[in-house]
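Asker: One structure, pasted below without further comment.
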Amino acid sequence: MKPRVSLDLAGIAESLKSGAIKSVYVLTGAGASTGAGIPDFRSPGGMYDSLRPELITATKAERKRMRRDPINVVMKDMFFQNQFPYLEVRRPFILGTQQQQWKATLSHWFMRFLEEEALLKRVFTQNIDGLDYQTGISKELVTNVHGSLARVSCEGCGEEMPFDDFCAKVRTNVKDIYKTDPSAPAESSNINCPRCNRPLVKPNTVLFGSSLPTEFFEQTADLEQADLLIVAGTSLVVSPANAVVQMVPRDCVRLIVNKETVGQDLGIQYGKGATRDVWAGEISCDEAFLELIKLLGWQDKVRKIRHLL
Ligand code: CNA
Ligand code: ZN
């Protein structure tokens with residue numbers, strides 16, 4: 001039986017310092033990167049909010065589907081039928097990545113600090129922005145559960161294309177209908193695969209309806225060693241990634257760093273009834289991790305990287 005951890009941020013910090021907590025696993029989502037300026041899916045101003053199905057769909061049926069659930073933009077069968085919605089919605093993200101527009105936040109740096117203290121066992125990130133790596137965290141400690149924007153390949157045959165070549169085509173072949181030509185009809189983006197000639201070239205992100213990378217299933221097996229699982233900036237609605245919260249042992253403490261409560265349907269408990277779950281409260285990921293950094297006495301680590309934030 002593991003030693004009892006006082007169920008608040010101070011108790012978690014104390015257990016990290018005393019060595020009562022040795023194995024920390026992290027599950028992050030889009031909310032861990034909103035502080036860097038990248039919108040998430042479900043917050044106000046996010047993809048669900050800003051989607052304009054009438055501008056990116058080709059048929060009535062597509063429009064109906066996308067209005068019913070915007071997640072259809074990143075559905076596999078939709079992409080095979082019409083690549084335009086995915087490429088158009090993802091375009092600012094793709095080009096922003098090429099221009100290295102975003103910087104890692106304190107939330108990303110906190111994972112690196114955990115590694116420095118030999119506490120971090122793994123980060124499962126649902127994010128595709130690659131910000132985790134900017135901190136110099138060991139690549140082998142990061143699992144890109146939903147793939148990444150950094151590589152580009154054909155969804156049909158797997159042929160790879162250099163990221164910059166792809167970006168040049170994104171820029172020249174797709175009209176910026178949201179900004180310059182609101183009445184432009186939806187059209188195919190015509191980024192054809194150099195091998196199979198189908199227009200299925202896209203960043204290596206996992207479309208809904210596709211299976212996750214095999215590493216996810218191999219690496220989640222280690223979760224049974226977790227003393228602490230930090231869940232940061234995710235609505236916990238996307239499966240199977242959300243199942244990570246159920247794969248840790250029953251006595252593993254789960255720290256929820258999210259500005260709203262999430263995961264009740266997965267057994268996360270809030271308030272007085274919570275036996276092993278701690279919610280950092282209605283604060284941002286960066287605020288919560290700063291609080292933890294102070295409790296841990298890691299302010300010096302922040303001073304050293306402040307010029308990078
Ligand atoms: P989501 O469903 O949009 O949920 C985000 C959660 O974070 C919500 O519960 C928000 O309340 C919360 N949140 C937002 N900002 C903050 C903040 N600053 N501090 C604390 N909490 C905050 O996103 P999920 O990651 O759960 O959904 C999974 C999808 C979204 C994955 O497949 C991602 O690839 C995809 N996505 C990724 C990115 C990225 O890589 N940065 C951006 C947008 C979407
Ligand atoms: Zn191909």
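Following the order of the structure tokens, first chain is A, next is B, and so on, with residues numbered from 1 inside each chain and ligands from 1 in the order they appear.
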Could you pull the residues within 8 Å of Glu159 of chain A, counting only C-alpha atoms, minus those fewer than 6 positions along the same chain, as JSON, numbers by chain?
Answerer: {"A": [153, 193, 194, 195]}
Asker: Using only C-alpha atoms and all ligand atoms, what are the residues with an atom within 7 Å of ligand 1, set out as a count of residues only?
Answerer: 35
Asker: Within 12 Å of ligand 2, counting only C-alpha atoms and all ligand atoms, which protein or nucleic acid residues do you find, written as a PyMOL selection string?
Answerer: chain A and resi 80+152-161+191-202
Asker: Would you mind exporting N, CA and C atoms of the selected residues as a short mmCIF file (atom, residue, chain, number, x, y, z; two decimals), in the first residue's frame?
Answerer:
```
data_model
loop_
_atom_site.label_atom_id
_atom_site.label_comp_id
_atom_site.auth_asym_id
_atom_site.auth_seq_id
_atom_site.Cartn_x
_atom_site.Cartn_y
_atom_site.Cartn_z
N PHE A 80 -11.25 11.28 -46.75
CA PHE A 80 -11.11 10.54 -48.01
C PHE A 80 -12.09 11.07 -49.07
N VAL A 152 4.77 14.82 -42.55
CA VAL A 152 3.69 14.84 -43.53
C VAL A 152 3.75 13.56 -44.35
N SER A 153 2.60 12.93 -44.55
CA SER A 153 2.60 11.73 -45.40
C SER A 153 1.24 11.54 -46.04
N CYS A 154 1.19 10.59 -46.96
CA CYS A 154 -0.07 10.29 -47.65
C CYS A 154 -0.91 9.36 -46.79
N GLU A 155 -2.14 9.76 -46.53
CA GLU A 155 -3.04 8.97 -45.68
C GLU A 155 -3.40 7.65 -46.36
N GLY A 156 -3.25 7.62 -47.68
CA GLY A 156 -3.60 6.40 -48.42
C GLY A 156 -2.48 5.39 -48.48
N CYS A 157 -1.25 5.82 -48.84
CA CYS A 157 -0.18 4.85 -49.07
C CYS A 157 1.03 5.05 -48.16
N GLY A 158 1.03 6.12 -47.35
CA GLY A 158 2.11 6.30 -46.38
C GLY A 158 3.34 7.04 -46.91
N GLU A 159 3.36 7.35 -48.19
CA GLU A 159 4.52 8.07 -48.75
C GLU A 159 4.73 9.40 -48.01
N GLU A 160 5.98 9.67 -47.63
CA GLU A 160 6.25 10.91 -46.89
C GLU A 160 6.56 12.07 -47.83
N MET A 161 6.29 13.27 -47.38
CA MET A 161 6.63 14.47 -48.15
C MET A 161 7.32 15.44 -47.18
N ILE A 191 -3.46 18.45 -53.22
CA ILE A 191 -2.10 18.11 -52.81
C ILE A 191 -1.94 16.62 -53.06
N ASN A 192 -1.51 16.33 -54.28
CA ASN A 192 -1.51 14.93 -54.67
C ASN A 192 -0.26 14.21 -54.20
N CYS A 193 -0.44 12.93 -53.92
CA CYS A 193 0.67 12.10 -53.46
C CYS A 193 1.62 11.80 -54.62
N PRO A 194 2.92 11.99 -54.42
CA PRO A 194 3.87 11.72 -55.51
C PRO A 194 3.92 10.23 -55.87
N ARG A 195 3.46 9.35 -54.96
CA ARG A 195 3.51 7.92 -55.28
C ARG A 195 2.17 7.41 -55.85
N CYS A 196 1.05 7.61 -55.12
CA CYS A 196 -0.21 7.01 -55.58
C CYS A 196 -1.11 8.03 -56.30
N ASN A 197 -0.68 9.28 -56.33
CA ASN A 197 -1.36 10.33 -57.05
C ASN A 197 -2.75 10.68 -56.52
N ARG A 198 -3.08 10.18 -55.33
CA ARG A 198 -4.37 10.57 -54.75
C ARG A 198 -4.17 11.84 -53.90
N PRO A 199 -5.21 12.66 -53.71
CA PRO A 199 -5.02 13.94 -52.99
C PRO A 199 -5.10 13.76 -51.47
N LEU A 200 -4.31 12.82 -50.96
CA LEU A 200 -4.48 12.42 -49.56
C LEU A 200 -3.29 12.79 -48.68
N VAL A 201 -2.46 13.72 -49.16
CA VAL A 201 -1.29 14.10 -48.37
C VAL A 201 -1.72 15.06 -47.25
N LYS A 202 -1.27 14.75 -46.04
CA LYS A 202 -1.63 15.59 -44.88
C LYS A 202 -0.61 15.38 -43.76
#
```
Asker: Quick one: pull the distance between atom CA of Arg303 of chain A and atom CA of Leu119 of chain A, Å, one decimal.
Answerer: 20.5 Å
Asker: So that I can check the secondary structure, give me every residue of segment 63-253 of chain A assigned strand (DSSP E or B) by backbone DSSP, as a PyMOL selection string.
Answerer: chain A and resi 75+120-125+142-144+147-154+160-161+201-205+208+228-232+253
Asker: For C-alpha atoms, I'd like the residues from the last selection saved as a PDB file, in the first residue's frame.
Answerer:
```pdb
ATOM      1  CA  MET A  75     -12.936  12.208 -39.460  1.00  0.00           C
ATOM      2  CA  LEU A 120       8.801  11.886 -14.946  1.00  0.00           C
ATOM      3  CA  LYS A 121       8.053   8.488 -16.425  1.00  0.00           C
ATOM      4  CA  ARG A 122       6.063   9.571 -19.457  1.00  0.00           C
ATOM      5  CA  VAL A 123       3.958  12.312 -21.062  1.00  0.00           C
ATOM      6  CA  PHE A 124       1.033  11.124 -23.153  1.00  0.00           C
ATOM      7  CA  THR A 125       0.138  14.142 -25.228  1.00  0.00           C
ATOM      8  CA  VAL A 142       6.824  11.677 -24.967  1.00  0.00           C
ATOM      9  CA  THR A 143       4.052   9.697 -26.641  1.00  0.00           C
ATOM     10  CA  ASN A 144       2.241  11.561 -29.407  1.00  0.00           C
ATOM     11  CA  GLY A 147       0.363  11.927 -34.052  1.00  0.00           C
ATOM     12  CA  SER A 148       2.060  15.201 -34.873  1.00  0.00           C
ATOM     13  CA  LEU A 149       2.092  18.028 -37.372  1.00  0.00           C
ATOM     14  CA  ALA A 150       5.831  17.840 -37.768  1.00  0.00           C
ATOM     15  CA  ARG A 151       5.735  15.068 -40.379  1.00  0.00           C
ATOM     16  CA  VAL A 152       3.687  14.843 -43.534  1.00  0.00           C
ATOM     17  CA  SER A 153       2.602  11.730 -45.401  1.00  0.00           C
ATOM     18  CA  CYS A 154      -0.074  10.290 -47.655  1.00  0.00           C
ATOM     19  CA  GLU A 160       6.249  10.909 -46.892  1.00  0.00           C
ATOM     20  CA  MET A 161       6.626  14.473 -48.149  1.00  0.00           C
ATOM     21  CA  VAL A 201      -1.289  14.102 -48.373  1.00  0.00           C
ATOM     22  CA  LYS A 202      -1.626  15.587 -44.882  1.00  0.00           C
ATOM     23  CA  PRO A 203       0.275  16.057 -41.631  1.00  0.00           C
ATOM     24  CA  ASN A 204       0.717  12.869 -39.633  1.00  0.00           C
ATOM     25  CA  THR A 205      -2.132  13.518 -37.241  1.00  0.00           C
ATOM     26  CA  PHE A 208     -10.925  10.102 -35.934  1.00  0.00           C
ATOM     27  CA  LEU A 228       0.765  10.279  -9.643  1.00  0.00           C
ATOM     28  CA  LEU A 229      -1.092  10.995 -12.889  1.00  0.00           C
ATOM     29  CA  ILE A 230      -1.328  14.634 -13.910  1.00  0.00           C
ATOM     30  CA  VAL A 231      -4.200  15.310 -16.329  1.00  0.00           C
ATOM     31  CA  ALA A 232      -3.740  18.744 -17.896  1.00  0.00           C
ATOM     32  CA  VAL A 253      -3.283  10.060  -7.063  1.00  0.00           C
TER      33      VAL A 253
END
```
Asker: Looking at A:Val24, A:Ala288, A:Ala36, A:Leu7, which one is nearest to Arg112 of chain A, with distances taken over only C-alpha atoms?
Answerer: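 Closest residue, counting only C-alpha atoms: A:Val24.
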Asker: Of the candidates A:Arg65, A:Arg276, A:Arg4, A:Arg90, which shows the shortest atom-to-atom distance to Met78 of chain A, using only C-alpha atoms?
Answerer: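 Selected residue with least distance to Met78 of chain A: A:Arg65.
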Asker: Pick out the residues sitting within 9 Å of Leu131 of chain A, and hand them over as a PyMOL selection string; count only C-alpha atoms, and ignore anything fewer than 4 positions along from it in its own chain.
Answerer: chain A and resi 33+102-105+108+127+135
Asker: Name all residues at most 10 Å from Ser50 of chain A (count only C-alpha atoms; drop same-chain ones fewer than 6 positions away) and give them as number ranges by chain.
Answerer: A: 41, 44, 70, 89
Asker: Can you work out which one of A:Asp132, A:Glu218, A:Glu117, A:Glu88 has the shortest atom-to-atom distance to Val74 of chain A, counting only C-alpha atoms?
Answerer: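 Of A:Asp132, A:Glu218, A:Glu117, A:Glu88, the one nearest Val74 of chain A is A:Glu88, counting only C-alpha atoms.
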Asker: How many Å lie between atom CA of Val244 of chain A and atom CA of Leu223 of chain A, rounded to one decimal?
Answerer: 7.9 Å
Asker: List every residue of segment 53-283 of chain A that DSSP, applied to the backbone of this structure, assigns to helix (DSSP H, G or I), and report them as a ChimeraX atom specification.
Answerer: /A:53-56,60-68,70-74,76-81,84-98,106-116,131-135,139-141,163-173,214-225,241-247,264-266,271-273
Asker: Kindly give the distance, in Å, that separates atom CA of Gly19 of chain A and atom CA of Pro249 of chain A, rounded to a single decimal.
Answerer: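 It comes out at 18.0 Å.
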